[in-house]
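Notes to accompany the following structure.
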Amino acid sequence: MASVVKINVLTVPAEQREELERRFAARAGAVEGQDGFEWFELLRPVEGTDTYLVYTRWRSEEDFQNWMKGSMRQAHGGSGGSGGPGGSGGEGRKPAASGSELWSFEVVQQAAPVSGDRPG
């Protein structure tokens with residue numbers, strides 16, 4: 001079974017960038033203990049766009065859906081946030097992002113750095 005990647009594409013106005021990053025820093029640990037969770041990254045745009053990418057990797061689609069139905073909804077005040085990882089960031093707060101789109105992928109190839117411990 002191939003891992004799945006979910007990328008939440010967040011449109012974030014310049015004046016909301018610090019707030020978005022602050023909210024993500026405050027959520028540390030919110031997904032890490034979820035069964036099937038493999039990886040998280042918040043990617044800040046460098047130039048030419050106001051789009052942040054929230055990258056999560058899961059053992060299976062089922063694991064991601066279980067998180068969406070349970071822990072993620074609770075973390076976002078029961079509302080389901082703005083379509084996936086990296087939603088509004090809590091009950092009663094205005095979303096830092098002005099738009100959100102969720103992309104889904106299956107991992108078909110991957111590579112990791114080669115270890116320095118090569119056999120003779």
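Each chain in the structure tokens gets a letter, A, B, ..., in the order shown, and its residues are numbered from 1; ligands are numbered from 1 in order too.
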
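Excluding Ala96 in chain A and any residue on its chain fewer than 6 positions from it, the residues at most 8 Å away by only C-alpha atoms are Val12, Gln16, Arg17, Glu19, Leu20 and Ser88 of chain A.
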
Export, as a PDB file, in the first residue's frame, the selected residues with N, CA, C and O atoms.
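Below is the file that was written, out06.pdb:
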```pdb
ATOM      1  N   VAL A  12      -2.814  33.215   1.507  1.00  0.00           N
ATOM      2  CA  VAL A  12      -2.634  33.976   2.743  1.00  0.00           C
ATOM      3  C   VAL A  12      -2.179  35.387   2.407  1.00  0.00           C
ATOM      4  O   VAL A  12      -1.075  35.589   1.904  1.00  0.00           O
ATOM      5  N   GLN A  16      -1.446  38.551   6.971  1.00  0.00           N
ATOM      6  CA  GLN A  16      -1.853  37.411   7.788  1.00  0.00           C
ATOM      7  C   GLN A  16      -0.776  36.327   7.918  1.00  0.00           C
ATOM      8  O   GLN A  16      -0.949  35.346   8.614  1.00  0.00           O
ATOM      9  N   ARG A  17       0.360  36.514   7.236  1.00  0.00           N
ATOM     10  CA  ARG A  17       1.403  35.477   7.233  1.00  0.00           C
ATOM     11  C   ARG A  17       1.904  35.149   8.636  1.00  0.00           C
ATOM     12  O   ARG A  17       2.008  33.978   9.004  1.00  0.00           O
ATOM     13  N   GLU A  19       0.457  35.580  11.460  1.00  0.00           N
ATOM     14  CA  GLU A  19      -0.620  34.939  12.222  1.00  0.00           C
ATOM     15  C   GLU A  19      -0.754  33.467  11.843  1.00  0.00           C
ATOM     16  O   GLU A  19      -0.888  32.598  12.706  1.00  0.00           O
ATOM     17  N   LEU A  20      -0.714  33.161  10.562  1.00  0.00           N
ATOM     18  CA  LEU A  20      -0.804  31.768  10.115  1.00  0.00           C
ATOM     19  C   LEU A  20       0.342  30.951  10.701  1.00  0.00           C
ATOM     20  O   LEU A  20       0.122  29.867  11.270  1.00  0.00           O
ATOM     21  N   SER A  88      -8.774  26.874   9.953  1.00  0.00           N
ATOM     22  CA  SER A  88      -8.928  28.159  10.606  1.00  0.00           C
ATOM     23  C   SER A  88      -8.115  28.312  11.873  1.00  0.00           C
ATOM     24  O   SER A  88      -7.856  29.417  12.300  1.00  0.00           O
TER      25      SER A  88
END
```

Could you give me, as a list in words, the residues within 12 Å of Trp39 in chain A, counting only C-alpha atoms and dropping anything in the same chain fewer than 3 positions from it? Ser3, Val4, Val5, Lys6, Ile7, Gly29, Val31, Glu32, Gly33, Gln34, Asp35, Gly36, Leu42, Val54, Tyr55, Thr56, Arg57, Trp58, Arg59, Phe64 and Pro85 of chain A

Rank A:Val108, A:Ala97, A:Ala28, A:Val114 by their smallest atom-to-atom distance to Pro13 in chain A, using only C-alpha atoms, and report the top residue only. A:Ala97

Residue with smallest distance to Phe40 in chain A - pool A:Ser115, A:Gln110, A:Arg22, A:Asn8, counting only C-alpha atoms: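 So, comparing all the options, the nearest one is A:Asn8.
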
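Shortest separation to Ser104 in chain A among A:Glu41, A:Glu61, A:Met68, A:Glu47 occurs at residue A:Glu61, atoms counted being only C-alpha atoms.
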